[in-house]
$ cat protein-v2.txt   # compact mmCIF, C-alpha atoms
# COMPACT_ATOMS: atom_id res chain seq x y z
CA MET W 1 93.07 86.26 111.13
CA GLY W 2 92.80 89.72 109.66
CA ALA W 3 92.16 92.81 111.72
CA ASN W 4 88.91 94.74 112.23
CA ILE W 5 86.55 91.81 111.95
CA THR W 6 84.15 89.94 114.13
CA MET W 7 83.86 86.24 113.47
CA ILE W 8 81.26 83.92 114.89
CA LEU W 9 82.02 80.21 114.90
CA ILE W 10 79.10 77.93 115.53
CA VAL W 11 80.09 74.53 116.84
CA GLU W 12 76.77 72.86 116.10
CA VAL W 13 74.09 74.30 113.83
CA LYS W 14 70.83 74.19 115.78
CA LEU W 15 68.58 77.19 115.38
CA ASN W 16 66.75 77.03 118.71
CA LEU W 17 69.40 75.38 120.83
CA PHE W 18 72.98 76.03 119.77
CA LYS W 19 75.33 73.63 121.45
CA LYS W 20 78.00 76.31 121.75
CA ILE W 21 78.56 79.70 120.16
CA LEU W 22 82.01 81.27 120.14
CA LEU W 23 82.20 84.96 119.38
CA LEU W 24 85.67 86.15 118.43
CA THR W 25 86.38 89.87 118.51
CA LEU W 26 89.56 90.53 116.58
CA LEU W 27 90.16 94.26 116.50
CA ASN W 28 93.20 96.54 116.47
CA SER W 29 92.12 98.96 119.19
CA LYS W 30 92.67 97.45 122.65
CA THR W 31 90.28 99.88 124.37
CA PHE W 32 87.49 99.31 121.86
CA LYS W 33 88.12 95.55 121.98
CA GLN W 34 87.73 95.49 125.78
CA HIS W 35 84.60 97.63 125.54
CA LEU W 36 83.12 95.36 122.85
CA CYS W 37 83.86 92.21 124.88
CA TYR W 38 82.20 93.81 127.92
CA LEU W 39 79.13 94.78 125.86
CA PHE W 40 78.79 91.29 124.40
CA LYS W 41 79.16 89.62 127.79
CA THR W 42 76.60 92.00 129.33
CA LEU W 43 74.19 91.44 126.44
CA PHE W 44 74.48 87.65 126.56
CA ASP W 45 74.13 87.60 130.35
CA ALA W 46 70.99 89.76 130.10
CA MET W 47 69.59 87.39 127.47
CA LYS W 48 70.45 84.45 129.78
CA LEU W 49 72.48 82.79 127.03
CA GLU W 50 74.82 80.42 128.80
CA ASN W 51 76.08 78.77 125.62
CA VAL W 52 77.91 81.86 124.34
CA THR W 53 81.61 82.45 124.94
CA VAL W 54 83.31 85.71 123.98
CA LEU W 55 86.98 85.26 123.10
CA ASP W 56 89.52 88.00 122.48
CA TYR W 57 92.71 86.44 121.10
CA VAL W 58 93.16 82.79 120.21
CA ASP W 59 96.60 81.17 119.96
CA ASP W 60 95.59 78.17 117.84
CA MET W 61 92.94 79.44 115.45
CA ALA W 62 93.32 76.46 113.12
CA ALA W 63 92.42 74.00 115.89
CA LEU W 64 89.42 76.12 116.86
CA MET W 65 88.24 76.25 113.25
CA HIS W 66 88.64 72.49 112.82
CA GLY W 67 86.35 71.97 115.81
CA CYS W 68 83.55 74.07 114.33
CA ASP W 69 80.78 73.27 111.89
CA LEU W 70 80.11 76.73 110.50
CA ALA W 71 81.68 80.20 110.40
CA ILE W 72 79.72 83.44 110.06
CA LEU W 73 82.13 86.16 109.00
CA LYS W 74 82.95 89.05 106.69
CA SER W 75 84.50 88.14 103.35
CA GLY W 76 88.07 89.29 103.99
CA GLY W 77 90.72 87.47 102.00
CA LEU W 78 92.65 85.88 104.87
CA THR W 79 89.65 84.76 106.91
CA VAL W 80 88.00 83.22 103.85
CA THR W 81 91.24 81.44 102.91
CA GLU W 82 91.63 80.08 106.45
CA CYS W 83 88.05 78.78 106.40
CA LEU W 84 88.59 77.11 103.03
CA CYS W 85 91.80 75.45 104.21
CA ALA W 86 90.18 74.36 107.49
CA HIS W 87 87.26 72.75 105.59
CA LEU W 88 84.84 75.10 107.35
CA PRO W 89 81.60 76.13 105.59
CA MET W 90 80.93 79.87 105.64
CA ILE W 91 78.09 82.33 105.76
CA LEU W 92 79.37 85.70 104.60
CA LEU W 93 77.78 88.50 106.56
CA GLY W 94 76.95 92.07 105.63
CA LYS W 95 77.52 94.23 102.60
CA SER W 96 80.91 93.95 101.01
CA TYR W 97 82.90 96.48 99.03
CA GLY W 98 86.08 96.39 96.96
CA GLN W 99 88.04 93.14 97.24
CA GLU W 100 85.55 91.75 99.76
CA LYS W 101 82.83 92.13 97.14
CA ALA W 102 84.94 90.17 94.65
CA ASN W 103 85.48 87.47 97.31
CA THR W 104 81.75 87.31 98.05
CA THR W 105 80.84 87.11 94.36
CA MET W 106 83.39 84.38 93.67
CA LEU W 107 82.60 82.27 96.74
CA THR W 108 78.82 82.42 96.34
CA GLY W 109 79.11 81.94 92.57
CA MET W 110 81.15 78.77 93.11
CA GLY W 111 78.72 77.58 95.79
CA ALA W 112 81.46 77.59 98.45
CA SER W 113 79.58 79.96 100.79
CA MET W 114 76.25 81.61 101.44
CA HIS W 115 75.78 85.38 101.76
CA VAL W 116 73.37 87.30 103.99
CA THR W 117 73.03 91.02 104.60
CA THR W 118 70.35 91.23 107.30
CA ALA W 119 69.60 89.49 110.59
CA ARG W 120 66.40 88.06 109.09
CA GLU W 121 68.34 86.54 106.17
CA LEU W 122 70.84 85.07 108.64
CA ILE W 123 68.10 83.37 110.65
CA VAL W 124 66.45 82.02 107.49
CA THR W 125 69.81 80.71 106.26
CA LEU W 126 70.60 79.09 109.62
CA ARG W 127 67.15 77.51 109.66
CA HIS W 128 67.77 76.19 106.12
CA LEU W 129 71.14 74.73 107.14
CA HIS W 130 69.55 73.16 110.21
CA ASP W 131 66.73 71.60 108.18
CA HIS W 132 69.03 70.56 105.32
CA PRO W 133 72.45 69.48 106.69
CA GLU W 134 73.39 68.28 103.21
CA SER W 135 73.73 71.98 102.31
CA LEU W 136 76.75 72.21 104.63
CA LYS W 137 78.31 69.24 102.85
CA ALA W 138 77.63 70.91 99.50
CA LEU W 139 79.44 74.07 100.68
CA LEU W 140 82.45 71.94 101.62
CA ILE W 141 82.47 70.04 98.32
CA ASN W 142 82.22 73.26 96.31
CA GLY W 143 84.95 74.84 98.41
CA GLU W 144 87.28 71.98 97.52
CA VAL W 145 87.81 73.49 94.05
CA LEU W 146 89.04 76.78 95.57
CA ARG W 147 91.14 75.31 98.37
CA ARG W 148 94.89 75.83 97.93
CA PRO W 149 96.50 75.16 101.33
CA ARG W 150 100.03 75.31 99.90
CA ALA W 151 99.54 78.32 97.62
CA ALA W 152 102.26 80.48 99.21
CA GLU W 153 104.79 77.65 98.99
CA ASP W 154 103.86 76.95 95.33
CA ILE W 155 104.25 80.64 94.44
CA ALA W 156 107.65 80.84 96.17
CA ILE W 157 108.90 77.72 94.34
CA SER W 158 107.68 79.01 90.97
CA THR W 159 109.27 82.40 91.60
CA MET W 160 112.61 80.83 92.54
CA GLU W 161 112.53 78.66 89.43
CA LEU W 162 111.89 81.70 87.23
CA ALA W 163 114.55 83.78 88.98
CA GLY W 164 117.22 81.17 88.22
CA LYS W 165 116.56 81.04 84.48
CA PRO W 166 117.50 83.78 82.06
CA GLN W 167 114.45 84.95 80.19
CA LYS W 168 114.42 86.26 76.63
CA ARG W 169 112.87 89.67 76.45
CA LYS W 170 110.34 90.39 73.81
CA ARG W 171 111.63 92.73 71.18
CA ALA W 172 109.63 95.80 70.37
CA PHE W 173 107.65 95.73 67.15
CA CYS W 174 109.23 99.01 66.13
CA ARG W 175 111.39 101.70 67.65
CA PHE W 176 110.19 105.24 67.73
CA TYR W 177 112.48 108.11 68.67
CA TRP W 178 111.40 111.68 69.17
CA GLY W 179 114.17 114.12 68.64
CA GLY W 180 116.70 111.52 67.53
CA LYS W 181 117.20 109.95 71.00
CA PRO W 182 115.40 107.19 72.97
CA ALA W 183 113.06 108.50 75.68
CA HIS W 184 115.11 107.12 78.61
CA ILE W 185 118.25 109.05 77.50
CA ARG W 186 116.57 112.44 77.05
$ encode --input "protein-v2.txt" --output "structure tokens"
Amino acid sequence: MGANITMILIVEVKLNLFKKILLLTLLNSKTFKQHLCYLFKTLFDAMKLENVTVLDYVDDMAALMHGCDLAILKSGGLTVTECLCAHLPMILLGKSYGQEKANTTMLTGMGASMHVTTARELIVTLRHLHDHPESLKALLINGEVLRRPRAAEDIAISTMELAGKPQKRKRAFCRFYWGGKPAHIR
């Protein structure tokens, strides 16, 4: 998983009575991470939520993801790719900028995820998914088009194939010299 994110994996989508909620805090700063874990645990204890577990670091993230029904996360490239490969429907959370915005636009445009920016939108979306479980299946089906679990291997093989073959270079349409010499000699 990428750094500086908070990911929430919901094992069973039930709005009023979640079977289990796992809150993963994956941050670079150890001090801030410990403080955040303490805050979450204090908050959930005060709310008397016994079905919430706060996790810091997970050794086998793939197994954890395969055991979940839904992920609520930011739209970072690696986390989104891991969710796609783990067949895990996603709700993308918060405003996104730069590459994350491109990820959000592509995933929601393809119907592979849902996007919310406020807590109210999140609750409405969770209620919708609870009332219409076929929506989760639709997210998975639409995500199938984007899923490339062996992309890195395919790229490496293609690169090695190209590296072994001499390639003809395109010739320039015309040559232009300033001062009687090519630019790289001057």
$ closest_residue --input "protein-v2.txt" --among "W:Leu39, W:Val145, W:Val54, W:Ala63" --to "Met106 of chain W" --atoms "all atoms listed in the file"
W:Val145
$ atom_distance --input "protein-v2.txt" --atom1 "atom CA of Asp45 of chain W" --atom2 "atom CA of Thr118 of chain W"
23.6 Å
$ residues_near_point --input "protein-v2.txt" --point "(82.8, 71.6, 106.8)" --cutoff "8 Å" --atoms "all atoms listed in the file" --output "PyMOL selection string"
chain W and resi 68-70+86-89+136-137+139-140
$ residues_around --input "protein-v2.txt" --residues "Ser96 of chain W" --least-positions-apart "6" --cutoff "8 Å" --atoms "all atoms listed in the file" --output "ChimeraX atom specification"
/W:74-75,104
$ write_last_selection --input "protein-v2.txt" --atoms "C-alpha atoms" --output "compact mmCIF listing (two decimals), keeping the file's coordinate frame"
# COMPACT_ATOMS: atom_id res chain seq x y z
CA LYS W 74 82.95 89.05 106.69
CA SER W 75 84.50 88.14 103.35
CA THR W 104 81.75 87.31 98.05
$ closest_residue --input "protein-v2.txt" --among "W:Ala152, W:Leu93, W:Val58, W:Leu36" --to "Thr81 of chain W" --atoms "only C-alpha atoms"
W:Ala152
$ atom_distance --input "protein-v2.txt" --atom1 "atom CA of Ile141 of chain W" --atom2 "atom CA of Leu84 of chain W"
10.5 Å
$ atom_distance --input "protein-v2.txt" --atom1 "atom CA of His66 of chain W" --atom2 "atom CA of Met114 of chain W"
19.1 Å
$ axis_aligned_box --input "protein-v2.txt" --around "segment 71-85 of chain W" --padding-each-side "5 Å" --output "AutoDock Vina command-line options"
--center_x 86.2 --center_y 82.4 --center_z 106.2 --size_x 22.9 --size_y 23.8 --size_z 18.4
$ closest_residue --input "protein-v2.txt" --among "W:Met90, W:Thr53, W:Arg150, W:Ala46" --to "Met65 of chain W" --atoms "all atoms listed in the file"
W:Met90
$ closest_residue --input "protein-v2.txt" --among "W:Leu162, W:Cys83, W:Leu55, W:Leu126" --to "Gly67 of chain W" --atoms "only C-alpha atoms"
W:Cys83
$ closest_residue --input "protein-v2.txt" --among "W:Ile123, W:Val116, W:Val80, W:Ala138" --to "Ala102 of chain W" --atoms "only C-alpha atoms"
W:Val80
$ build_atoms --input "protein-v2.txt" --residues "segment 90-108 of chain W" --atoms "N, CA and C atoms" --output "tab-separated table (two decimals), keeping the file's coordinate frame"
chain	number	residue	atom	x	y	z
W	90	MET	N	81.03	78.46	105.25
W	90	MET	CA	80.93	79.87	105.64
W	90	MET	C	79.60	80.48	105.26
W	91	ILE	N	79.15	81.39	106.12
W	91	ILE	CA	78.09	82.33	105.76
W	91	ILE	C	78.75	83.69	105.81
W	92	LEU	N	78.77	84.37	104.68
W	92	LEU	CA	79.37	85.70	104.60
W	92	LEU	C	78.33	86.72	105.01
W	93	LEU	N	78.72	87.61	105.90
W	93	LEU	CA	77.78	88.50	106.56
W	93	LEU	C	77.99	89.94	106.15
W	94	GLY	N	76.91	90.63	105.87
W	94	GLY	CA	76.95	92.07	105.63
W	94	GLY	C	77.27	92.44	104.19
W	95	LYS	N	77.18	93.73	103.93
W	95	LYS	CA	77.52	94.23	102.60
W	95	LYS	C	79.03	94.23	102.46
W	96	SER	N	79.47	93.99	101.24
W	96	SER	CA	80.91	93.95	101.01
W	96	SER	C	81.26	94.91	99.88
W	97	TYR	N	82.44	95.50	100.00
W	97	TYR	CA	82.90	96.48	99.03
W	97	TYR	C	84.32	96.12	98.61
W	98	GLY	N	84.72	96.59	97.44
W	98	GLY	CA	86.08	96.39	96.96
W	98	GLY	C	86.42	94.92	96.80
W	99	GLN	N	87.58	94.52	97.36
W	99	GLN	CA	88.04	93.14	97.24
W	99	GLN	C	87.10	92.18	97.96
W	100	GLU	N	86.50	92.62	99.06
W	100	GLU	CA	85.55	91.75	99.76
W	100	GLU	C	84.36	91.42	98.87
W	101	LYS	N	83.94	92.38	98.06
W	101	LYS	CA	82.83	92.13	97.14
W	101	LYS	C	83.22	91.08	96.10
W	102	ALA	N	84.46	91.17	95.60
W	102	ALA	CA	84.94	90.17	94.65
W	102	ALA	C	85.01	88.79	95.32
W	103	ASN	N	85.44	88.73	96.57
W	103	ASN	CA	85.48	87.47	97.31
W	103	ASN	C	84.07	86.90	97.46
W	104	THR	N	83.13	87.75	97.86
W	104	THR	CA	81.75	87.31	98.05
W	104	THR	C	81.16	86.79	96.74
W	105	THR	N	81.37	87.52	95.66
W	105	THR	CA	80.84	87.11	94.36
W	105	THR	C	81.43	85.77	93.92
W	106	MET	N	82.74	85.62	94.08
W	106	MET	CA	83.39	84.38	93.67
W	106	MET	C	82.95	83.20	94.52
W	107	LEU	N	82.94	83.38	95.84
W	107	LEU	CA	82.60	82.27	96.74
W	107	LEU	C	81.14	81.83	96.59
W	108	THR	N	80.24	82.79	96.50
W	108	THR	CA	78.82	82.42	96.34
W	108	THR	C	78.56	81.88	94.94
